[in-house]
Each structure stands twice: as structure tokens, then as C-alpha cells.
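**Student:** As input, take protein-v5.txt (compact mmCIF, C-alpha atoms):
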# COMPACT_ATOMS: atom_id res chain seq x y z
CA MET A 28 158.61 -99.52 72.90
CA THR A 29 157.00 -102.82 73.91
CA ASN A 30 156.79 -105.99 71.84
CA ARG A 31 153.77 -108.04 72.87
CA THR A 32 153.98 -110.52 70.03
CA ILE A 33 155.69 -113.91 70.05
CA ASN A 34 158.17 -112.81 67.34
CA LYS A 35 161.02 -110.40 67.42
CA LEU A 36 160.38 -107.12 65.65
CA LYS A 37 162.65 -104.78 63.75
CA PHE A 38 162.01 -101.04 63.91
CA ARG A 39 163.38 -97.97 62.16
CA PHE A 40 162.60 -94.27 62.64
CA GLU A 41 162.50 -92.16 59.49
CA PRO A 42 164.51 -88.90 59.64
CA THR A 43 162.32 -85.91 60.57
CA GLN A 44 163.61 -82.50 59.57
CA ALA A 45 161.77 -79.22 59.12
CA LYS A 46 162.70 -75.56 59.04
CA GLU A 47 161.06 -74.97 62.38
CA CYS A 48 162.53 -77.97 64.20
CA ALA A 49 164.32 -81.30 63.98
CA VAL A 50 163.53 -84.59 65.71
CA GLU A 51 166.14 -87.19 66.60
CA PHE A 52 165.61 -90.77 67.81
CA VAL A 53 168.33 -92.71 69.63
CA PRO A 54 168.60 -95.48 68.68
CA SER A 55 166.95 -94.91 65.31
CA THR A 56 166.99 -98.63 64.44
CA GLY A 57 167.00 -101.90 66.41
CA VAL A 58 165.31 -105.19 67.27
CA ILE A 59 162.82 -105.81 70.07
CA PRO A 60 162.68 -109.42 71.42
CA PRO A 61 159.29 -111.01 72.06
CA GLY A 62 157.69 -109.73 75.26
CA LYS A 63 160.49 -107.22 75.87
CA ASP A 64 160.72 -103.41 76.01
CA LYS A 65 163.05 -101.05 74.18
CA LYS A 66 163.77 -97.51 75.35
CA VAL A 67 164.16 -94.89 72.65
CA LYS A 68 165.33 -91.36 73.44
CA VAL A 69 163.56 -88.58 71.51
CA SER A 70 165.20 -85.16 71.12
CA LEU A 71 163.40 -82.08 69.73
CA ILE A 72 165.58 -79.27 68.43
CA LEU A 73 163.83 -75.92 67.78
CA LEU A 74 165.24 -73.92 64.89
CA GLN A 75 162.70 -71.07 64.81
CA SER A 76 160.50 -69.43 67.40
CA THR A 77 157.23 -70.29 65.71
CA SER A 78 154.34 -72.67 66.11
CA SER A 79 154.39 -75.71 63.88
CA SER A 80 153.00 -79.20 63.43
CA LEU A 81 154.69 -82.24 61.92
CA LYS A 82 154.69 -86.04 61.98
CA SER A 83 157.43 -88.60 62.45
CA GLN A 84 157.18 -92.08 61.02
CA VAL A 85 158.48 -95.34 62.46
CA LEU A 86 158.49 -98.63 60.56
CA VAL A 87 157.94 -101.79 62.58
CA GLU A 88 158.86 -104.57 60.16
CA THR A 89 156.88 -103.20 57.17
CA THR A 90 154.03 -101.47 59.01
CA PRO A 91 154.24 -97.65 59.34
CA TYR A 92 153.26 -95.86 62.54
CA PHE A 93 153.04 -92.10 62.99
CA ILE A 94 154.01 -89.86 65.87
CA GLY A 95 152.35 -86.44 65.82
CA ILE A 96 154.41 -83.48 67.05
CA ARG A 97 152.88 -80.04 67.64
CA ILE A 98 154.92 -77.05 68.73
CA ARG A 99 153.13 -74.06 70.24
CA CYS A 100 154.89 -70.71 70.28
CA ALA A 101 153.46 -68.21 72.74
CA SER A 102 153.71 -65.30 70.28
CA GLY A 103 152.46 -67.11 67.16
CA VAL A 104 149.03 -67.51 65.60
CA PHE A 105 149.72 -70.89 63.95
CA GLY A 106 149.15 -74.01 66.04
CA ALA A 107 147.38 -72.02 68.73
CA ASP A 108 144.03 -72.68 70.33
CA PRO A 109 141.55 -70.61 68.26
CA SER A 110 139.76 -69.37 71.37
CA SER A 111 143.03 -67.86 72.65
CA LEU A 112 143.48 -65.65 69.57
CA ASP A 113 141.99 -62.22 68.85
CA GLN A 114 138.51 -62.76 67.45
CA ILE A 115 136.68 -60.74 64.79
CA GLN A 116 133.22 -60.96 63.25
CA ASP A 117 133.23 -61.83 59.55
CA GLY A 118 129.61 -61.97 58.43
CA PRO A 119 127.77 -64.53 60.58
CA PHE A 120 131.02 -66.16 61.75
CA LYS A 121 133.29 -65.21 64.63
CA VAL A 122 136.82 -66.28 63.71
CA PRO A 123 140.43 -65.39 64.61
CA GLU A 124 141.63 -62.15 63.07
CA VAL A 125 144.47 -63.90 61.23
CA LEU A 126 141.97 -65.67 58.97
CA LEU A 127 140.31 -62.41 57.97
CA LEU A 128 143.71 -60.85 57.22
CA MET A 129 144.56 -63.66 54.81
CA LYS A 130 141.09 -63.60 53.26
CA ASN A 131 141.29 -59.85 52.65
CA ALA A 132 144.70 -60.34 51.05
CA LEU A 133 143.11 -62.75 48.57
CA MET A 134 140.14 -60.47 47.89
CA SER A 135 142.30 -57.42 47.28
CA GLN A 136 144.15 -59.29 44.52
CA ASP A 137 140.94 -60.79 43.06
CA ALA A 138 142.62 -64.13 43.77
CA LEU A 139 139.44 -66.21 43.85
CA LYS A 140 139.50 -66.08 40.04
CA ALA A 141 143.14 -67.18 39.82
CA GLU A 142 143.50 -70.55 38.14
CA GLY A 143 144.47 -73.30 40.59
CA ILE A 144 143.90 -71.21 43.72
CA PHE A 145 144.18 -73.46 46.84
CA ARG A 146 145.81 -76.10 44.64
CA LEU A 147 149.06 -74.43 43.60
CA ALA A 148 151.64 -73.84 46.32
CA GLY A 149 153.29 -70.46 46.71
CA GLU A 150 156.96 -69.68 46.81
CA VAL A 151 158.67 -71.17 49.86
CA SER A 152 160.34 -67.88 50.69
CA SER A 153 157.02 -66.01 50.42
CA ILE A 154 155.28 -68.52 52.67
CA ALA A 155 157.98 -68.17 55.34
CA LYS A 156 157.94 -64.37 55.10
CA ILE A 157 154.14 -64.07 55.32
CA LYS A 158 153.95 -66.55 58.16
CA SER A 159 156.55 -64.61 60.11
CA GLU A 160 154.62 -61.35 59.52
CA LEU A 161 151.38 -62.94 60.64
CA ASN A 162 152.99 -64.20 63.83
CA ALA A 163 154.44 -60.75 64.47
CA LYS A 164 151.12 -59.08 63.56
CA THR A 165 152.75 -56.93 60.88
CA PHE A 166 151.16 -58.51 57.82
CA SER A 167 149.07 -56.35 55.48
CA THR A 168 148.98 -57.99 52.03
CA SER A 169 151.02 -59.97 49.54
CA ASP A 170 151.22 -60.35 45.77
CA ASP A 171 151.82 -64.09 46.08
CA VAL A 172 148.20 -65.17 46.39
CA ASN A 173 149.12 -68.86 46.21
CA ALA A 174 151.33 -68.43 49.28
CA VAL A 175 148.45 -66.81 51.17
CA ALA A 176 146.04 -69.59 50.15
CA THR A 177 148.62 -72.17 51.22
CA LEU A 178 148.93 -70.53 54.64
CA ILE A 179 145.16 -70.71 55.14
CA LYS A 180 145.46 -74.48 54.74
CA VAL A 181 148.51 -74.54 57.00
CA TRP A 182 146.64 -72.63 59.70
CA PHE A 183 143.88 -75.27 59.76
CA ARG A 184 146.39 -78.12 59.55
CA GLU A 185 148.29 -76.88 62.60
CA LEU A 186 145.29 -76.52 64.87
CA PRO A 187 145.76 -78.36 68.19
CA ARG A 188 142.78 -80.50 67.21
CA PRO A 189 141.87 -80.98 63.54
CA LEU A 190 138.60 -79.29 62.59
CA LEU A 191 136.66 -82.42 61.58
CA GLN A 192 138.10 -84.60 64.33
CA SER A 193 135.07 -83.97 66.56
CA ILE A 194 132.73 -85.59 64.00
CA PRO A 195 132.36 -89.36 64.46
CA THR A 196 134.02 -91.52 61.83
CA ASP A 197 130.72 -93.29 61.07
CA THR A 198 129.17 -89.92 60.21
CA ILE A 199 132.03 -89.05 57.88
CA PHE A 200 131.70 -92.41 56.16
CA ASN A 201 127.91 -92.40 55.75
CA ALA A 202 126.57 -88.84 55.86
CA SER A 203 125.33 -87.86 52.40
CA SER A 204 121.68 -86.80 52.77
CA PRO A 205 120.82 -83.17 53.60
CA ASP A 206 119.40 -84.16 56.99
CA ALA A 207 122.51 -86.14 57.96
CA LEU A 208 124.83 -83.33 56.80
CA SER A 209 122.79 -80.71 58.64
CA LYS A 210 122.84 -82.80 61.81
CA ALA A 211 126.61 -83.34 61.56
CA TYR A 212 127.32 -79.63 61.05
CA ASN A 213 124.93 -78.39 63.74
CA SER A 214 126.28 -80.91 66.26
CA MET A 215 129.69 -79.22 66.20
CA GLN A 216 130.68 -77.03 69.13
CA GLN A 217 132.11 -73.54 68.98
CA PRO A 218 134.55 -72.34 67.81
CA GLU A 219 134.86 -75.33 65.43
CA LYS A 220 131.40 -74.73 63.96
CA ASP A 221 132.15 -71.10 63.04
CA LEU A 222 135.55 -72.06 61.68
CA LEU A 223 134.06 -74.70 59.39
CA GLY A 224 131.26 -72.37 58.30
CA TRP A 225 133.78 -69.61 57.51
CA LEU A 226 135.95 -72.00 55.51
CA MET A 227 133.00 -73.38 53.52
CA ASP A 228 131.87 -69.81 52.78
CA LEU A 229 135.31 -69.01 51.34
CA LEU A 230 135.46 -72.23 49.32
CA LEU A 231 131.96 -71.69 47.89
CA ALA A 232 132.89 -68.14 46.89
CA THR A 233 135.89 -69.62 45.11
CA SER A 234 133.84 -72.30 43.32
CA GLU A 235 131.55 -69.60 41.88
CA HIS A 236 134.42 -68.80 39.48
CA GLN A 237 135.12 -72.44 38.58
CA LYS A 238 134.88 -71.70 34.86
CA VAL A 239 137.90 -69.44 35.28
CA ASN A 240 139.89 -70.92 38.17
CA LYS A 241 139.09 -74.60 37.36
CA MET A 242 138.30 -75.21 41.04
CA THR A 243 135.01 -77.05 41.53
CA PRO A 244 133.73 -77.96 45.01
CA GLN A 245 135.22 -81.43 44.57
CA ASN A 246 138.62 -80.07 43.50
CA LEU A 247 138.65 -77.70 46.46
CA SER A 248 137.78 -80.55 48.82
CA ILE A 249 140.67 -82.66 47.48
CA CYS A 250 143.09 -79.81 48.25
CA VAL A 251 141.67 -78.72 51.61
CA ALA A 252 140.17 -81.79 53.31
CA PRO A 253 143.54 -83.43 54.26
CA ASN A 254 144.19 -80.39 56.48
CA LEU A 255 140.98 -80.89 58.45
CA TYR A 256 141.35 -84.48 59.68
CA ASP A 257 144.15 -86.57 61.10
CA VAL A 258 144.14 -89.78 59.07
CA SER A 259 147.12 -91.36 60.82
CA SER A 260 146.56 -95.08 61.12
CA SER A 261 148.56 -98.23 61.65
CA ASP A 262 146.92 -99.64 58.53
CA PRO A 263 147.94 -97.73 55.38
CA MET A 264 144.87 -98.90 53.48
CA GLU A 265 142.60 -97.79 56.30
CA GLY A 266 144.27 -94.36 56.29
CA LEU A 267 143.85 -94.08 52.51
CA VAL A 268 140.17 -94.98 52.66
CA LEU A 269 139.59 -92.53 55.52
CA SER A 270 141.29 -89.69 53.66
CA GLN A 271 139.07 -90.35 50.64
CA LYS A 272 135.95 -90.39 52.80
CA VAL A 273 136.91 -87.04 54.33
CA VAL A 274 137.18 -85.56 50.83
CA VAL A 275 133.71 -86.90 49.93
CA PHE A 276 132.27 -85.64 53.21
CA LEU A 277 133.59 -82.11 52.67
CA THR A 278 132.32 -82.15 49.08
CA ASN A 279 128.86 -83.13 50.30
CA LEU A 280 128.97 -80.38 52.89
CA LEU A 281 129.83 -77.79 50.23
CA ASN A 282 127.06 -78.97 47.92
CA TRP A 283 124.58 -78.97 50.79
CA GLN A 284 125.55 -75.43 51.77
CA ALA A 285 125.24 -74.29 48.15
CA GLU A 286 121.69 -75.71 47.97
CA GLN A 287 120.79 -74.03 51.24
CA ARG A 288 121.91 -70.66 49.88
CA THR A 289 120.03 -71.15 46.64
CA GLU A 290 116.82 -71.94 48.50
CA ALA A 291 117.30 -68.97 50.83
CA ALA A 292 117.92 -66.60 47.92
CA ALA A 293 114.84 -67.75 45.98
CA VAL A 294 111.82 -65.49 46.53
CA PRO A 295 108.61 -67.54 46.85
CA GLN A 296 105.92 -66.42 44.42
CA ARG A 297 102.27 -67.42 44.23
CA PRO A 298 100.39 -67.53 40.92
CA GLY A 299 98.72 -64.22 40.13
CA HIS A 300 100.88 -62.21 42.51
CA ALA A 301 103.59 -59.77 41.58
CA PRO A 302 107.08 -60.57 42.93
CA PRO A 303 107.76 -57.23 44.72
CA ALA A 304 107.06 -57.32 48.44
CA SER A 305 105.76 -53.74 48.53
CA LEU A 306 103.73 -51.50 46.29
CA VAL A 307 104.44 -47.81 45.68
CA LEU A 308 101.34 -45.72 45.07
CA ARG A 309 101.30 -42.12 43.92
CA ALA A 310 98.31 -39.83 44.49
CA SER A 311 97.52 -37.81 41.36
CA ALA A 312 94.75 -35.30 42.10
CA ALA A 313 92.94 -36.50 45.19
CA HIS A 314 94.51 -37.66 48.44
CA ILE A 315 94.38 -41.47 48.47
CA VAL A 316 94.51 -43.35 51.76
CA VAL A 317 95.63 -46.97 51.39
CA ASN A 318 95.66 -49.60 54.14
CA SER A 319 95.92 -53.37 54.38
CA SER A 320 92.19 -54.02 53.98
CA ALA A 321 90.71 -51.51 51.54
CA SER A 322 91.38 -48.24 49.76
CA SER A 323 89.20 -45.13 49.85
CA SER A 324 89.34 -41.61 48.49
CA SER A 325 88.45 -38.40 50.29
CA THR A 326 87.22 -35.30 48.48
CA ASP A 327 87.31 -33.14 51.60
CA ALA A 328 91.10 -33.16 51.86
CA PRO A 329 92.87 -30.79 49.44
CA ALA A 330 94.80 -32.39 46.65
CA PRO A 331 98.57 -32.12 47.22
CA THR A 332 100.51 -30.23 44.63
CA GLN A 333 103.51 -32.58 44.84
CA PRO A 334 102.19 -36.02 45.80
CA GLU A 335 104.54 -38.09 47.90
CA PRO A 336 104.97 -41.82 47.28
CA VAL A 337 103.26 -44.06 49.80
CA THR A 338 104.77 -47.51 50.35
CA VAL A 339 102.36 -50.13 51.61
CA PRO A 340 102.52 -53.92 51.91
CA LEU A 341 101.34 -55.83 48.88
CA VAL A 342 97.86 -57.13 49.76
CA GLU A 343 95.04 -58.81 47.91
CA PRO A 344 92.60 -56.05 46.80
CA PRO A 345 88.91 -56.61 47.69
CA PRO A 346 86.55 -57.43 44.80
CA PRO A 347 84.81 -54.36 43.35
CA THR A 348 81.13 -53.88 44.24
CA ALA A 349 78.61 -52.11 42.04
CA PRO A 350 77.17 -48.94 43.62
CA THR A 351 73.45 -49.02 44.37
CA ASP A 352 72.85 -45.28 44.12
CA LEU A 353 74.86 -43.42 41.52
CA ASP A 354 73.74 -40.02 42.79
CA SER A 355 75.11 -40.69 46.26
CA GLN A 356 78.59 -41.62 45.06
CA PRO A 357 81.35 -38.95 45.23
CA GLU A 358 82.46 -37.48 41.97
CA LEU A 359 85.69 -38.68 40.44
CA PRO A 360 88.72 -36.37 40.70
CA PRO A 361 89.32 -34.11 37.69
CA ALA A 362 92.51 -35.99 36.82
CA LEU A 363 90.57 -39.21 36.30
CA PRO A 364 88.63 -39.15 33.00
CA GLN A 365 84.91 -39.79 33.28
CA VAL A 366 83.65 -42.35 30.81
CA PRO A 367 80.48 -41.20 28.88
CA PRO A 368 77.51 -43.53 29.02
CA PRO A 369 77.54 -46.17 26.34
CA LEU A 370 75.85 -45.36 23.10
CA ALA A 371 73.74 -48.48 23.50
CA GLU A 372 71.87 -46.85 26.42
CA SER A 373 70.80 -43.91 24.25
CA ILE A 374 69.65 -46.28 21.53
CA ALA A 375 67.75 -48.38 24.06
CA THR A 376 66.01 -45.24 25.40
CA VAL A 377 64.86 -44.23 21.94
CA GLU A 378 63.75 -47.75 21.07
CA SER A 379 61.69 -47.98 24.27
CA THR A 380 59.02 -45.76 22.78
CA THR A 381 56.05 -47.83 21.80
CA ALA A 382 55.02 -48.14 18.20
CA THR A 383 51.60 -46.62 18.91
CA ASP A 384 53.03 -43.44 20.53
CA ALA A 385 55.60 -43.04 17.78
CA ALA A 386 52.93 -43.33 15.07
CA ALA A 387 50.69 -40.83 16.83
CA ALA A 388 53.39 -38.23 17.58
CA HIS A 389 55.53 -38.62 14.48
CA PRO A 390 53.92 -39.84 11.29
CA ALA A 391 57.28 -40.45 9.68
CA PRO A 392 59.35 -43.42 10.92
CA ILE A 393 62.34 -42.71 13.20
CA ALA A 394 65.73 -43.74 11.81
CA PRO A 395 68.48 -45.01 14.11
CA LEU A 396 70.74 -42.31 15.50
CA ASP A 397 73.81 -43.62 13.81
CA ALA A 398 72.14 -44.34 10.42
CA PRO A 399 73.13 -42.09 7.51
CA PRO A 400 70.50 -39.74 6.06
CA THR A 401 68.45 -41.15 3.17
CA SER A 402 66.28 -39.60 0.50
CA GLU A 403 64.02 -42.60 0.01
CA GLU A 404 60.30 -42.26 0.77
CA PRO A 405 58.76 -44.15 3.67
CA SER A 406 57.70 -47.66 2.86
CA TRP A 407 54.22 -47.35 4.42
CA SER A 408 51.13 -46.87 2.20
CA PRO A 409 48.42 -44.25 2.57
CA THR A 410 45.39 -45.22 4.58
CA ALA A 411 42.03 -43.58 4.63
CA VAL A 412 40.96 -42.21 7.99
CA ASP A 413 37.31 -41.40 8.74
CA THR A 414 38.11 -38.96 11.54
CA GLU A 415 37.32 -35.40 10.56
CA GLY A 416 40.33 -33.26 9.75
CA GLU A 417 42.76 -36.13 9.35
CA PRO A 418 44.50 -36.91 6.01
CA THR A 419 42.86 -39.46 3.72
CA SER A 420 45.68 -39.81 1.16
CA LEU A 421 49.46 -39.57 0.85
CA GLY A 422 49.37 -36.11 -0.69
CA GLU A 423 47.04 -34.80 1.93
CA ALA A 424 49.22 -36.25 4.66
CA GLN A 425 52.24 -34.41 3.30
CA ASP A 426 50.29 -31.12 3.01
CA HIS A 427 48.98 -31.59 6.51
CA ARG A 428 52.50 -32.15 7.89
CA GLN A 429 53.88 -29.02 6.25
CA SER A 430 51.03 -26.88 7.57
CA SER A 431 51.18 -28.29 11.12
CA PRO A 432 52.69 -25.91 13.71
CA ASP A 433 54.75 -28.79 15.19
CA ALA A 434 56.31 -29.78 11.86
CA SER A 435 59.65 -28.15 12.70
CA ALA A 436 59.98 -29.91 16.02
CA ASP A 437 62.69 -32.55 16.42
CA PRO A 438 61.07 -35.99 16.27
CA VAL A 439 63.55 -37.38 18.77
CA GLN A 440 62.65 -34.75 21.33
Please re-express this file's structure in C-alpha cells.
**Tutor:**
Amino acid sequence: MTNRTINKLKFRFEPTQAKECAVEFVPSTGVIPPGKDKKVKVSLILLQSTSSSLKSQVLVETTPYFIGIRIRCASGVFGADPSSLDQIQDGPFKVPEVLLLMKNALMSQDALKAEGIFRLAGEVSSIAKIKSELNAKTFSTSDDVNAVATLIKVWFRELPRPLLQSIPTDTIFNASSPDALSKAYNSMQQPEKDLLGWLMDLLLATSEHQKVNKMTPQNLSICVAPNLYDVSSSDPMEGLVLSQKVVVFLTNLLNWQAEQRTEAAAVPQRPGHAPPASLVLRASAAHIVVNSSASSSSTDAPAPTQPEPVTVPLVEPPPPTAPTDLDSQPELPPALPQVPPPLAESIATVESTTATDAAAAHPAPIAPLDAPPTSEEPSWSPTAVDTEGEPTSLGEAQDHRQSSPDASADPVQ
């Protein structure tokens, strides 16, 4: 240790003891004169053959400094370089197999709905037992879901390089917009990018049950973010502010990812269009051929007895066009009912007869087809006619009508 100030400095190393190892400093306390050096002997005593990570603290006057210690065991999966471990594909992410084993252990116990998951610590004995099984590759599952969730955080905490350490501090402090968050995430290199994506996927799946487990994206970030960034600093206030910013940054990342998934899951719909992306048509009597531009029917092909469904893309149908020659159009299939001509056409045909022809062919007026029969006499008055053989009075006109050979003919015909 070197004192480059003009004052003498007192130092003291805090005791460092863990189950995996112990760290000793000799001397543990002392005074360093101005401009002088002080040699301190550091001894590391391993208690278990396992990978681990811990920090030792030294106080110089009243300022704390931290010394990071990482122990890598050749046979362990904690504290190892992720690229050196057995990899497995979990959805779009390629991650070490140990992470998938712990995730499956949580899923099998429906642990994502457990209240306080990733916040509550598991039993110390369970954590040690599961960690030993994971290192020995004999782990299958555990009933202590809090211990498994704790070990997921431990695995990320003991990485040789913290997951978010590759992101610049300015980005962590200022990134809040979707563009800035997307740029920060996509700028990460592999395998860190897949590891962060896998972790956010698990945390978002957990936050979907926040009404039950009380773990919102912000609560999850408070519990997980300290394991993703080394906030050791000579200034305690600076370390506190940095740790808070890391929590906010991870929360923003989770919210951004949630919005991305919502937008990807939404199906775009245009007004007047049905939401399904395909249309299933069923031929009833005639064989119907459907393509992307138009639909046509063929009367030459025999009608199938058991029509098969035809799936075609949903397209905009062409506007119907009125046929120019009704006689040249193919007849409709028997299964499709033919609509009779409107009654108005029949009435229009009857009414097209001129008044002169109607008076000459049918002395009596023609009633509308849909009018009920009436017994009233016609409203016209008799008229004298000079032509020989024609009636000159109302009585003669009636006698003439009864004696006429065409009196029984249908006036309409």
C-alpha cells in the first residue's frame, strides 16, 4: 500500500470469512507515513472445492475500499466463463445448461406465482445442497423454490465479469427512451446479450403474475440488479447512486421489452377487413376454384359428394359486374336458390299496354294483379257508337260481351 498524500493514514482490513474460503491480511491494521509504502500479506484459505466470489473491505481513515476476490473451481458451474460451460438453446437464447435446469425446477413447482419469488432467500442448507448438486451435475429439482431463485442470482453475481459491466456508465445513467434502450441492448456482445435476454424473459414471465406474487418489474429489478453490476467505489455515495441507477436501468429494460412483446403480439387490422389471415371456403354443389384475383365456377366439372375445405389467402374481392346477356350466363347450381323476378316487373309489363289497345281488346278495365276482386260496376258511362254492329248503350254492350266468342278469354292474356 502506498500513501501519496502529505498526511499519515490509518488503515484497517475488515475480517472476510465465507463457507467457501477465508481471507487473512497481515498486518490487518497499521499506519502509513506520508509518501511511504506498506506491505500487506494476503492469505486465501479454501474451505470447499467450489467456485465463489466475494469482496474484502479495507478502511483508510474513514473511506472504504473494496477488494474483489473470485475463485474458479475447474469442476464447478458457478464463477465460470459462460462460454466454457455446456450450452443449450432455450427459445431464442443460447445459455449454459445450468440456467435451464434451475428454470425448469421453478416451472415444475409453479414457482413464478409464489409470493416474494426472487426476493425471499431460501434455506442456507438447501442453497448449499443445490449448489453442490449443480456443480456435480446431479441436480434434478428441489421443493425449495426460493433457494433455486437465489442460486440464479448467485450464478449471475459470480460471473467473471458482471453482465451489465460492458455497458457504459453514461448509458446506464441516461438511457430511458426506447431507442436508447434498444441501442444499449443490441450493442452487447455474445454471450452477454443472450444471457441478459434470457434473464429478462424469466423476469417478465414472473411479473405477469404480479397480482399474486407481488413482484412487479420494479420490485424484480431491485432484487436482481445488484447481481449484474459491480458498484464498488471509493466514494460510498457514488456507489449508492450507481446502484440505484442500475435498478432504474434494468426496470426500463424490462418495460421496454414488455412493450416490444405487446406490439409483436398485436395483429394489425385495417377497417373493413376481417382479422383472420386466411379464409376457408367450402364448395356446396359445384366445384369452386378460388385464387388471389377472382373466383369462378365451372359447370363442366362434376360436383364432389364430400367437398373438401380450400384454404386461400384473404384477398379483396373484385366488385361485382352486371351481366350484359342473361341468356349467355351459366345456370346457377341446384343448391343455390334462384330468385324469381320481382313482382314489379310483371306489373310494369301489364301496365305497358296502351290505353287505346286495352280499350279495343277488353272493354272492361283491367284491375291490378294484386287487387282483391270487386263487385262494383265500371265507372265509365255508355257512349253511342255510329259504327254498324257496335253497342250503343250499356245494356247492349253487356249483351254483346256475353254473346261474343272471345268473352271467356283471359283479359290479361
**Student:** Do you have the CA of Lys238 (chain A)-CA of Leu226 (chain A) distance handy?
**Tutor:**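 Computed distance, CA of Lys238 (chain A) to CA of Leu226 (chain A), equals 20.7 Å.
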**Student:** For a quick check of your reading of the model, name the residues lying within 12 Å of the coordinate (139.6, -66.1, 57.7), counting only C-alpha atoms, and write them as JSON, numbers by chain.
**Tutor:** {"A": [109, 114, 115, 116, 117, 118, 120, 121, 122, 123, 124, 125, 126, 127, 128, 129, 130, 131, 132, 133, 134, 175, 176, 178, 179, 180, 182, 183, 221, 222, 223, 224, 225, 226, 227, 228, 229, 230]}
**Student:** Residues of region 118-234 of chain A that approach region 65-86 of chain A to 12 Å or less, counting only C-alpha atoms: could you list each one with the shortest pair of atoms and its distance in Å to one decimal, rows by chain and increasing residue number, as a Markdown table?
**Tutor:**
| residue | atom | partner | partner_atom | distance |
| --- | --- | --- | --- | --- |
| A:Ala155 | CA | A:Thr77 | CA | 10.6 |
| A:Lys158 | CA | A:Thr77 | CA | 9.0 |
| A:Ser159 | CA | A:Thr77 | CA | 8.0 |
| A:Glu160 | CA | A:Thr77 | CA | 11.2 |
| A:Leu161 | CA | A:Thr77 | CA | 10.7 |
| A:Asn162 | CA | A:Thr77 | CA | 7.7 |
| A:Ala163 | CA | A:Thr77 | CA | 10.0 |
| A:Leu178 | CA | A:Ser79 | CA | 11.9 |
| A:Val181 | CA | A:Ser80 | CA | 9.1 |
| A:Trp182 | CA | A:Ser79 | CA | 9.3 |
| A:Phe183 | CA | A:Ser80 | CA | 10.6 |
| A:Arg184 | CA | A:Ser80 | CA | 7.7 |
| A:Glu185 | CA | A:Ser80 | CA | 5.3 |
| A:Leu186 | CA | A:Ser80 | CA | 8.3 |
| A:Pro187 | CA | A:Ser80 | CA | 8.7 |
| A:Arg188 | CA | A:Ser80 | CA | 11.0 |
| A:Pro189 | CA | A:Ser80 | CA | 11.3 |
**Student:** What does the file look like for those residues with C-alpha atoms, as a CSV table (one decimal), in the frame of the given file?
**Tutor:**
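Output file again.csv is given in full below:
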chain,number,residue,atom,x,y,z
A,155,ALA,CA,158.0,-68.2,55.3
A,158,LYS,CA,154.0,-66.6,58.2
A,159,SER,CA,156.6,-64.6,60.1
A,160,GLU,CA,154.6,-61.4,59.5
A,161,LEU,CA,151.4,-62.9,60.6
A,162,ASN,CA,153.0,-64.2,63.8
A,163,ALA,CA,154.4,-60.8,64.5
A,178,LEU,CA,148.9,-70.5,54.6
A,181,VAL,CA,148.5,-74.5,57.0
A,182,TRP,CA,146.6,-72.6,59.7
A,183,PHE,CA,143.9,-75.3,59.8
A,184,ARG,CA,146.4,-78.1,59.6
A,185,GLU,CA,148.3,-76.9,62.6
A,186,LEU,CA,145.3,-76.5,64.9
A,187,PRO,CA,145.8,-78.4,68.2
A,188,ARG,CA,142.8,-80.5,67.2
A,189,PRO,CA,141.9,-81.0,63.5
**Student:** With only C-alpha atoms as the counted atoms, please give the residues lying no more than 10 Å from Ala252 (chain A), apart from itself and same-chain residues fewer than 6 positions off, as a list in words.
**Tutor:**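 Contacts, with the query itself left out: Lys180, Phe183, Arg184, Leu190, Leu191, Ser270, Gln271, Lys272, Val273, Val274, Val275, Phe276, Leu277 and Thr278 of chain A.
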**Student:** What is the CA of Leu139 (chain A) to CA of Thr233 (chain A) distance in Å?
**Tutor:**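 Atom-to-atom, CA of Leu139 (chain A) to CA of Thr233 (chain A), that is 5.1 Å.
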**Student:** For Thr243 (chain A), work out the shell of residues within 10 Å, counting only C-alpha atoms and skipping chain neighbours fewer than 3 positions away, then give it as JSON, numbers by chain.
**Tutor:** {"A": [230, 231, 233, 234, 235, 236, 237, 238, 240, 246, 247, 248, 249, 278]}
